[in-house]
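Source file: entry.tsv (TSV, C-alpha atoms)
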chain	number	residue	atom	x	y	z
A	1	MET	CA	22.04	-18.03	-106.71
A	2	VAL	CA	19.98	-19.44	-103.82
A	3	ARG	CA	23.07	-19.53	-101.61
A	4	LEU	CA	23.87	-15.95	-102.54
A	5	ALA	CA	20.33	-14.85	-101.64
A	6	ALA	CA	20.47	-16.84	-98.37
A	7	ARG	CA	23.80	-15.26	-97.39
A	8	ALA	CA	22.52	-11.79	-98.32
A	9	GLY	CA	19.43	-12.43	-96.19
A	10	CYS	CA	21.64	-13.55	-93.27
A	11	LEU	CA	23.76	-10.39	-93.50
A	12	LEU	CA	20.72	-8.15	-93.72
A	13	GLY	CA	18.98	-9.93	-90.87
A	14	ALA	CA	22.03	-9.83	-88.60
A	15	ALA	CA	22.66	-6.14	-89.28
A	16	THR	CA	18.97	-5.26	-88.78
A	17	LEU	CA	18.87	-7.12	-85.49
A	18	ALA	CA	22.10	-5.47	-84.35
A	19	GLY	CA	20.69	-2.07	-85.33
A	20	LEU	CA	17.50	-2.64	-83.33
A	21	LEU	CA	19.51	-3.82	-80.32
A	22	VAL	CA	21.91	-0.87	-80.42
A	23	ASN	CA	18.97	1.54	-80.84
A	24	GLY	CA	17.15	-0.11	-77.95
A	25	VAL	CA	19.99	0.33	-75.47
A	26	ARG	CA	20.87	3.88	-76.52
A	27	ALA	CA	19.40	6.64	-74.38
A	28	ASP	CA	19.12	8.87	-77.46
A	29	GLY	CA	17.77	6.13	-79.73
A	30	VAL	CA	14.65	6.53	-81.88
A	31	ARG	CA	11.44	5.67	-80.00
A	32	PHE	CA	9.14	3.90	-82.43
A	33	SER	CA	5.92	4.47	-80.49
A	34	ASN	CA	6.08	8.25	-80.23
A	35	PHE	CA	8.02	9.27	-83.32
A	36	VAL	CA	6.01	11.82	-85.29
A	37	ALA	CA	6.91	12.35	-88.92
A	38	PRO	CA	7.40	16.11	-89.17
A	39	ASN	CA	5.53	18.30	-91.64
A	40	ALA	CA	3.92	21.71	-91.69
A	41	CYS	CA	0.51	20.40	-90.54
A	42	ALA	CA	-0.58	19.96	-86.99
A	43	ASN	CA	-1.31	16.37	-86.04
A	44	PRO	CA	-4.35	15.56	-83.91
A	45	GLY	CA	-3.56	15.90	-80.22
A	46	GLU	CA	-0.41	17.92	-80.73
A	47	GLY	CA	-1.99	21.23	-79.81
A	48	GLU	CA	-1.37	20.76	-76.11
A	49	THR	CA	2.40	20.61	-76.64
A	50	SER	CA	2.52	24.32	-77.55
A	51	SER	CA	3.84	26.75	-75.01
A	52	PRO	CA	1.12	27.53	-72.43
A	53	ALA	CA	2.08	31.21	-72.60
A	54	ALA	CA	1.53	31.39	-76.38
A	55	PRO	CA	-1.83	32.81	-77.44
A	56	ALA	CA	-4.21	30.65	-79.47
A	57	VAL	CA	-4.48	30.84	-83.25
A	58	GLU	CA	-6.85	33.64	-84.29
A	59	VAL	CA	-9.31	33.38	-87.17
A	60	MET	CA	-9.66	36.68	-89.01
A	61	ALA	CA	-11.82	37.99	-91.87
A	62	PRO	CA	-9.93	39.02	-95.04
A	63	GLY	CA	-10.80	42.70	-94.60
A	64	ASP	CA	-9.25	42.78	-91.11
A	65	ALA	CA	-6.23	40.71	-92.19
A	66	ALA	CA	-5.60	43.07	-95.14
A	67	GLY	CA	-5.10	45.87	-92.61
A	68	LEU	CA	-2.10	43.97	-91.22
A	69	CYS	CA	-0.59	43.28	-94.65
A	70	GLY	CA	1.07	46.64	-95.15
A	71	ASP	CA	2.93	46.15	-91.89
A	72	PRO	CA	6.56	44.98	-92.47
A	73	THR	CA	6.36	42.93	-89.29
A	74	THR	CA	3.67	40.73	-90.85
A	75	LEU	CA	4.45	37.55	-92.78
A	76	ILE	CA	1.79	35.93	-94.99
A	77	ALA	CA	1.95	32.22	-95.84
A	78	ASP	CA	-0.06	30.31	-98.44
A	79	VAL	CA	-0.72	26.69	-97.43
A	80	ARG	CA	-2.31	25.56	-100.72
A	81	SER	CA	-0.63	23.41	-103.40
A	82	ALA	CA	2.19	24.71	-105.60
A	83	ASP	CA	-0.13	24.87	-108.64
A	84	GLU	CA	-2.74	26.91	-106.80
A	85	PHE	CA	-0.01	29.15	-105.42
A	86	ALA	CA	1.41	29.75	-108.92
A	87	LYS	CA	-2.05	30.63	-110.29
A	88	GLY	CA	-2.47	33.40	-107.77
A	89	HIS	CA	-1.59	34.23	-104.19
A	90	ALA	CA	-1.73	37.10	-101.76
A	91	SER	CA	0.93	39.68	-102.50
A	92	GLY	CA	4.18	38.93	-100.67
A	93	ALA	CA	3.03	35.51	-99.42
A	94	ILE	CA	5.51	32.68	-98.93
A	95	HIS	CA	4.49	29.15	-99.86
A	96	LEU	CA	4.10	26.78	-96.92
A	97	PRO	CA	1.92	23.87	-98.07
A	98	CYS	CA	0.49	21.41	-95.59
A	99	GLY	CA	2.59	18.60	-97.09
A	100	ALA	CA	5.83	20.56	-96.76
A	101	SER	CA	8.53	18.73	-94.84
A	102	GLY	CA	9.43	19.59	-91.29
A	103	GLN	CA	12.60	21.15	-92.62
A	104	VAL	CA	10.61	23.55	-94.82
A	105	ALA	CA	8.44	24.38	-91.82
A	106	ASP	CA	11.62	25.06	-89.83
A	107	THR	CA	12.79	27.44	-92.56
A	108	ALA	CA	9.45	29.23	-92.32
A	109	VAL	CA	9.95	29.50	-88.57
A	110	GLY	CA	13.24	31.26	-89.35
A	111	LEU	CA	11.45	33.71	-91.65
A	112	VAL	CA	9.03	34.61	-88.85
A	113	ARG	CA	11.92	35.83	-86.69
A	114	GLY	CA	11.55	39.56	-86.08
A	115	ARG	CA	7.91	39.55	-87.23
A	116	GLN	CA	4.93	40.23	-84.99
A	117	THR	CA	2.18	38.56	-87.04
A	118	LEU	CA	1.95	35.43	-89.17
A	119	ILE	CA	-1.13	35.21	-91.40
A	120	LEU	CA	-1.88	31.86	-93.06
A	121	TYR	CA	-4.50	31.15	-95.65
A	122	GLY	CA	-5.50	28.03	-97.57
A	123	SER	CA	-8.40	26.92	-99.74
A	124	THR	CA	-10.57	26.90	-96.62
A	125	THR	CA	-10.32	28.20	-93.07
A	126	ALA	CA	-9.61	24.68	-91.80
A	127	ASP	CA	-6.62	24.25	-94.16
A	128	ALA	CA	-5.01	27.41	-92.84
A	129	ARG	CA	-5.86	26.51	-89.28
A	130	ARG	CA	-4.08	23.14	-89.43
A	131	VAL	CA	-0.81	24.68	-90.53
A	132	ALA	CA	-1.33	27.64	-88.18
A	133	GLU	CA	-1.68	25.29	-85.21
A	134	GLU	CA	1.56	23.56	-86.18
A	135	MET	CA	3.40	26.87	-86.56
A	136	ARG	CA	2.02	27.96	-83.18
A	137	ARG	CA	3.40	24.75	-81.71
A	138	ARG	CA	6.81	25.26	-83.29
A	139	ILE	CA	7.20	28.96	-82.44
A	140	HIS	CA	7.37	29.55	-78.72
A	141	ARG	CA	6.79	33.29	-78.79
A	142	ALA	CA	4.02	34.87	-76.75
A	143	ASP	CA	4.39	38.14	-78.69
A	144	LEU	CA	3.65	36.53	-82.08
A	145	ARG	CA	0.08	36.59	-83.43
A	146	VAL	CA	-0.71	33.57	-85.57
A	147	VAL	CA	-3.75	34.23	-87.73
A	148	ALA	CA	-5.75	31.84	-89.96
A	149	LEU	CA	-7.63	33.66	-92.71
A	150	ALA	CA	-11.38	33.00	-92.64
A	151	GLY	CA	-12.83	31.76	-95.92
A	152	GLY	CA	-9.49	30.91	-97.52
A	153	PHE	CA	-7.99	32.46	-100.62
A	154	ALA	CA	-11.39	32.66	-102.37
A	155	ALA	CA	-12.65	35.08	-99.72
A	156	TRP	CA	-9.44	37.11	-100.02
A	157	ASP	CA	-9.81	37.25	-103.79
A	158	GLN	CA	-13.54	38.12	-103.65
A	159	ALA	CA	-12.78	40.97	-101.27
A	160	GLY	CA	-10.61	42.39	-104.08
A	161	LEU	CA	-7.45	42.36	-101.99
A	162	ALA	CA	-3.94	42.35	-103.45
A	163	CYS	CA	-2.93	39.27	-105.44
A	164	ALA	CA	0.27	38.17	-107.13
A	165	SER	CA	1.27	35.11	-109.17
A	166	GLY	CA	4.26	33.02	-110.16
A	167	PRO	CA	7.35	31.92	-108.25
A	168	CYS	CA	8.11	33.20	-104.81
A	169	ALA	CA	11.72	34.22	-104.21
A	170	ALA	CA	11.50	34.09	-100.41
A	171	CYS	CA	9.69	30.75	-100.26
A	172	PRO	CA	11.16	27.88	-98.24
A	173	GLY	CA	9.19	25.29	-100.21
A	174	PRO	CA	9.17	23.73	-103.68
A	175	SER	CA	7.07	26.51	-105.23
A	176	ARG	CA	10.14	28.65	-105.75
A	177	ASP	CA	10.44	26.85	-109.09
A	178	ALA	CA	6.79	27.30	-110.01
A	179	THR	CA	6.16	28.53	-113.51
A	180	GLN	CA	5.34	32.17	-113.94
A	181	ASP	CA	1.68	32.71	-114.75
A	182	PRO	CA	1.56	34.99	-117.82
A	183	ARG	CA	-1.84	36.34	-116.74
A	184	HIS	CA	-0.26	38.00	-113.72
A	185	PRO	CA	3.11	39.53	-114.62
B	1	MET	CA	48.18	-7.59	-110.68
B	2	SER	CA	46.24	-7.15	-113.93
B	3	PRO	CA	44.12	-3.99	-114.35
B	4	LEU	CA	40.65	-5.51	-113.85
B	5	PRO	CA	41.21	-7.19	-110.45
B	6	PHE	CA	42.99	-4.04	-109.29
B	7	ALA	CA	40.03	-1.89	-110.40
B	8	VAL	CA	37.65	-4.28	-108.63
B	9	PHE	CA	39.76	-4.04	-105.46
B	10	LEU	CA	39.74	-0.22	-105.64
B	11	VAL	CA	35.96	-0.07	-106.17
B	12	ARG	CA	35.42	-2.52	-103.27
B	13	LEU	CA	37.59	-0.37	-101.04
B	14	THR	CA	35.83	2.85	-102.09
B	15	ILE	CA	32.24	1.60	-101.79
B	16	GLY	CA	33.01	-0.33	-98.61
B	17	GLY	CA	34.75	2.67	-97.05
B	18	LEU	CA	31.93	5.02	-98.03
B	19	LEU	CA	29.30	2.74	-96.51
B	20	VAL	CA	31.23	2.34	-93.26
B	21	VAL	CA	31.80	6.09	-92.90
B	22	ALA	CA	28.18	6.90	-93.84
B	23	GLY	CA	26.93	4.30	-91.35
B	24	PHE	CA	28.98	5.70	-88.47
B	25	LEU	CA	27.93	9.29	-89.28
B	26	LYS	CA	24.26	8.23	-89.29
B	27	LEU	CA	24.70	6.54	-85.90
B	28	ARG	CA	25.53	9.85	-84.23
B	29	ALA	CA	22.01	11.34	-84.15
B	30	PRO	CA	19.35	8.69	-84.83
B	31	VAL	CA	16.32	10.91	-84.14
B	32	ALA	CA	17.59	13.65	-86.44
B	33	PHE	CA	18.32	10.99	-89.07
B	34	ALA	CA	14.76	9.65	-88.73
B	35	THR	CA	13.51	13.18	-89.40
B	36	GLU	CA	15.71	13.40	-92.51
B	37	ILE	CA	14.17	10.15	-93.78
B	38	ALA	CA	10.63	11.32	-93.00
B	39	ASN	CA	11.35	14.52	-94.93
B	40	TYR	CA	11.49	12.45	-98.13
B	41	GLN	CA	7.70	12.03	-97.69
B	42	LEU	CA	7.80	8.51	-99.12
B	43	PHE	CA	6.94	6.19	-96.22
B	44	PRO	CA	7.23	8.46	-93.17
B	45	SER	CA	5.83	5.83	-90.80
B	46	VAL	CA	8.81	3.52	-91.39
B	47	ALA	CA	11.36	6.33	-90.91
B	48	PRO	CA	12.21	5.46	-87.26
B	49	TYR	CA	12.78	1.78	-88.12
B	50	VAL	CA	15.00	2.67	-91.07
B	51	ALA	CA	16.88	5.19	-88.92
B	52	ALA	CA	17.47	2.54	-86.25
B	53	THR	CA	18.67	-0.22	-88.57
B	54	LEU	CA	20.23	1.37	-91.67
B	55	PRO	CA	23.48	2.59	-90.03
B	56	LEU	CA	24.40	-0.91	-88.82
B	57	VAL	CA	23.41	-2.43	-92.17
B	58	GLU	CA	25.72	0.04	-93.94
B	59	ILE	CA	28.60	-0.62	-91.54
B	60	LEU	CA	28.33	-4.41	-91.82
B	61	ILE	CA	27.92	-4.40	-95.60
B	62	GLY	CA	30.73	-1.86	-96.03
B	63	ALA	CA	33.05	-3.91	-93.85
B	64	GLY	CA	31.95	-7.04	-95.70
B	65	LEU	CA	32.94	-5.58	-99.05
B	66	ILE	CA	36.45	-5.00	-97.75
B	67	LEU	CA	37.07	-7.85	-95.32
B	68	PHE	CA	34.76	-10.80	-95.92
B	69	PRO	CA	35.87	-13.98	-97.71
B	70	ARG	CA	34.57	-14.25	-101.25
B	71	PRO	CA	31.20	-16.07	-100.82
B	72	TRP	CA	30.08	-13.66	-98.10
B	73	ARG	CA	31.58	-10.72	-99.96
B	74	ARG	CA	29.39	-11.58	-102.95
B	75	ALA	CA	26.38	-11.50	-100.63
B	76	ALA	CA	27.51	-8.12	-99.29
B	77	GLU	CA	27.81	-6.88	-102.87
B	78	ALA	CA	24.23	-7.99	-103.59
B	79	VAL	CA	22.92	-6.17	-100.51
B	80	ALA	CA	25.04	-3.12	-101.41
B	81	LEU	CA	23.39	-3.08	-104.84
B	82	GLY	CA	19.95	-3.17	-103.21
B	83	LEU	CA	20.94	-0.34	-100.86
B	84	THR	CA	22.34	1.89	-103.59
B	85	VAL	CA	19.27	1.33	-105.80
B	86	VAL	CA	16.98	2.31	-102.90
B	87	PHE	CA	19.14	5.39	-102.14
B	88	ALA	CA	19.19	6.50	-105.79
B	89	SER	CA	15.41	5.97	-106.12
B	90	ALA	CA	14.69	8.00	-103.00
B	91	VAL	CA	17.01	10.83	-104.04
B	92	GLY	CA	15.66	10.74	-107.62
B	93	SER	CA	12.09	10.86	-106.32
B	94	ALA	CA	12.81	13.87	-104.08
B	95	TYR	CA	14.65	15.60	-106.93
B	96	ALA	CA	11.76	14.96	-109.36
B	97	ARG	CA	9.21	16.25	-106.84
B	98	ARG	CA	11.42	19.32	-106.18
B	99	ILE	CA	11.35	18.75	-102.43
B	100	ASP	CA	13.88	21.01	-100.79
B	101	ILE	CA	15.40	18.64	-98.23
B	102	ASP	CA	18.77	17.48	-96.97
B	103	CYS	CA	20.04	14.27	-98.54
B	104	GLY	CA	20.75	12.56	-95.21
B	105	CYS	CA	23.31	10.50	-97.12
B	106	PHE	CA	25.94	11.00	-94.43
B	107	GLY	CA	23.65	11.57	-91.47
B	108	THR	CA	22.35	15.04	-90.77
B	109	GLY	CA	23.60	18.17	-92.51
B	110	GLY	CA	24.68	16.31	-95.63
B	111	GLY	CA	23.56	19.14	-97.90
B	112	ALA	CA	20.45	19.71	-99.99
B	113	ILE	CA	19.54	17.30	-102.79
B	114	ASN	CA	20.60	18.53	-106.22
B	115	GLY	CA	21.59	17.07	-109.58
B	116	LEU	CA	25.05	16.22	-108.27
B	117	THR	CA	23.58	14.21	-105.37
B	118	LEU	CA	21.51	12.20	-107.83
B	119	LEU	CA	24.50	11.68	-110.12
B	120	ARG	CA	26.61	10.46	-107.18
B	121	ASN	CA	23.93	7.95	-106.22
B	122	VAL	CA	23.58	6.68	-109.78
B	123	ALA	CA	27.39	6.31	-109.92
B	124	LEU	CA	27.24	4.22	-106.73
B	125	VAL	CA	24.65	1.93	-108.34
B	126	ALA	CA	26.88	1.57	-111.40
B	127	ALA	CA	29.89	0.81	-109.19
B	128	THR	CA	28.08	-1.95	-107.27
B	129	VAL	CA	26.81	-3.47	-110.54
B	130	PHE	CA	30.45	-3.45	-111.69
B	131	LEU	CA	31.47	-5.25	-108.49
B	132	LEU	CA	28.80	-7.92	-108.84
B	133	ARG	CA	29.74	-8.47	-112.46
B	134	PHE	CA	33.52	-8.56	-112.17
B	135	ASP	CA	34.41	-9.52	-108.58
B	136	ARG	CA	34.70	-13.18	-109.37
B	137	GLY	CA	37.86	-13.88	-107.39
B	138	ARG	CA	41.09	-15.26	-108.72
B	139	ALA	CA	40.83	-17.44	-111.76
B	140	THR	CA	41.73	-21.00	-110.84
B	141	SER	CA	43.84	-22.91	-113.31
B	142	ARG	CA	42.82	-26.51	-113.76
B	143	ARG	CA	45.56	-29.04	-113.43
B	144	PRO	CA	45.71	-31.56	-116.22
B	145	GLN	CA	44.49	-34.93	-115.04

Can you turn what I pasted into structure tokens?
Amino acid sequence: MVRLAARAGCLLGAATLAGLLVNGVRADGVRFSNFVAPNACANPGEGETSSPAAPAVEVMAPGDAAGLCGDPTTLIADVRSADEFAKGHASGAIHLPCGASGQVADTAVGLVRGRQTLILYGSTTADARRVAEEMRRRIHRADLRVVALAGGFAAWDQAGLACASGPCAACPGPSRDATQDPRHP
Amino acid sequence: MSPLPFAVFLVRLTIGGLLVVAGFLKLRAPVAFATEIANYQLFPSVAPYVAATLPLVEILIGAGLILFPRPWRRAAEAVALGLTVVFASAVGSAYARRIDIDCGCFGTGGGAINGLTLLRNVALVAATVFLLRFDRGRATSRRPQ
């Protein structure tokens, strides 16, 4: 048993060492120091990597943002958790939580294609802003307005603006399986 | 050849071949593979290290299952069991959390995780347990003293 474990350790060690060596000499190898695990949230210091031509993220009051909602070139994204999203969300919003993987964020980038405005809201302005900054960084389009909703979903709800609940068919994230809330058919 | 050693040989060949192929496919785009690992949202900070080392581990262990002499082959089988358990746990965790991500099982573009992906990984664990249990080499007959 000890010999088996020692041999297994030797194999694992040799292969790991070989892997690190091969990765080190490859021009397209992974760089450990600057690898950033992708998700839908902006990481501190990443803002400067966005296109210099792209306008900054705007912060907008719910009343003003609601005026953009009827426009088919506007996409709304909810950055809160799946549970909060299922309990109630802005009508037509996709679910793009902060913890969503980079792949989900990429799918959301695809959904923005052909749109002129992306409105994001969270529980607070800061929540929306973090994801908005990341989307701004990922989408290199000067003609796209990226808007973070001021006051979060609570402000949207208090303003009496349109709400919906339950699963979201167009969502790139896990909330597409969220349970339908019977209070909001 | 009796049925059991033949089955063991076939399973060795299948698991070994799968690991070698998967390892080479993962070697093609290490950065993209690191992203696939990070997408599991388990330990994203170790993703680049896993992406750098896992392909070679898979290739060596896969080759070992097919080519190594018995003592070292047994060691390769033990490592293969560890690998398949980790793979199945990661896939099971992503499936349970309903994270919509690519498996990354054969490098990038391996397809989204679903019930079939999980079943395949559990089958791989079962196959490596079978190898460890039954790959005991040829029975040696004792000569009468």

Exercise. Nearest to Asp83 (chain A) among A:Asp28, A:Ala61, A:Thr107, A:Pro97, with distances taken over all atoms listed in the file: which residue is it?
Worked result: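 That would be A:Pro97, the residue with the smallest distance to Asp83 (chain A).
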
What are the closest atom pairs, with distances in Å to one decimal, for all residues of region 34-105 of chain B lying within 10 Å of region 16-20 of chain B? Consider only C-alpha atoms, order rows by chain and residue number, and present the result as a tab-separated table.
residue	atom	partner	partner_atom	distance
B:Pro55	CA	B:Val20	CA	8.4
B:Leu56	CA	B:Val20	CA	8.8
B:Val57	CA	B:Leu19	CA	9.0
B:Glu58	CA	B:Leu19	CA	5.2
B:Ile59	CA	B:Val20	CA	4.3
B:Leu60	CA	B:Val20	CA	7.5
B:Ile61	CA	B:Gly16	CA	7.2
B:Gly62	CA	B:Gly16	CA	3.8
B:Ala63	CA	B:Gly16	CA	6.0
B:Gly64	CA	B:Gly16	CA	7.4
B:Leu65	CA	B:Gly16	CA	5.3
B:Ile66	CA	B:Gly16	CA	5.9
B:Leu67	CA	B:Gly16	CA	9.2
B:Ala76	CA	B:Gly16	CA	9.6
B:Glu77	CA	B:Gly16	CA	9.4
B:Ala80	CA	B:Leu19	CA	8.7
B:Leu83	CA	B:Leu19	CA	9.9
B:Thr84	CA	B:Leu19	CA	10.0
B:Cys105	CA	B:Leu19	CA	9.8

Exercise. Could you write out as a list in words the residues of chain B within 7 Å of chain A, counting all atoms listed in the file?
Worked result: Pro30, Val31, Thr35, Ala38, Asn39, Pro44, Ser45, Pro48, Ala52, Thr53, Leu56, Val57, Leu60, Trp72, Ala75, Ala76, Ala78, Val79, Arg98, Ile99, Asp100 and Ile101 of chain B

Exercise. Do you have the CA of Ala159 (chain A)-CA of Ala90 (chain A) distance handy?
Worked result: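 Spanning CA of Ala159 (chain A) to CA of Ala90 (chain A) is a straight-line distance of 11.7 Å.
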
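Interatomic distance, CA of Asp127 (chain A) against CA of His89 (chain A): 15.0 Å.
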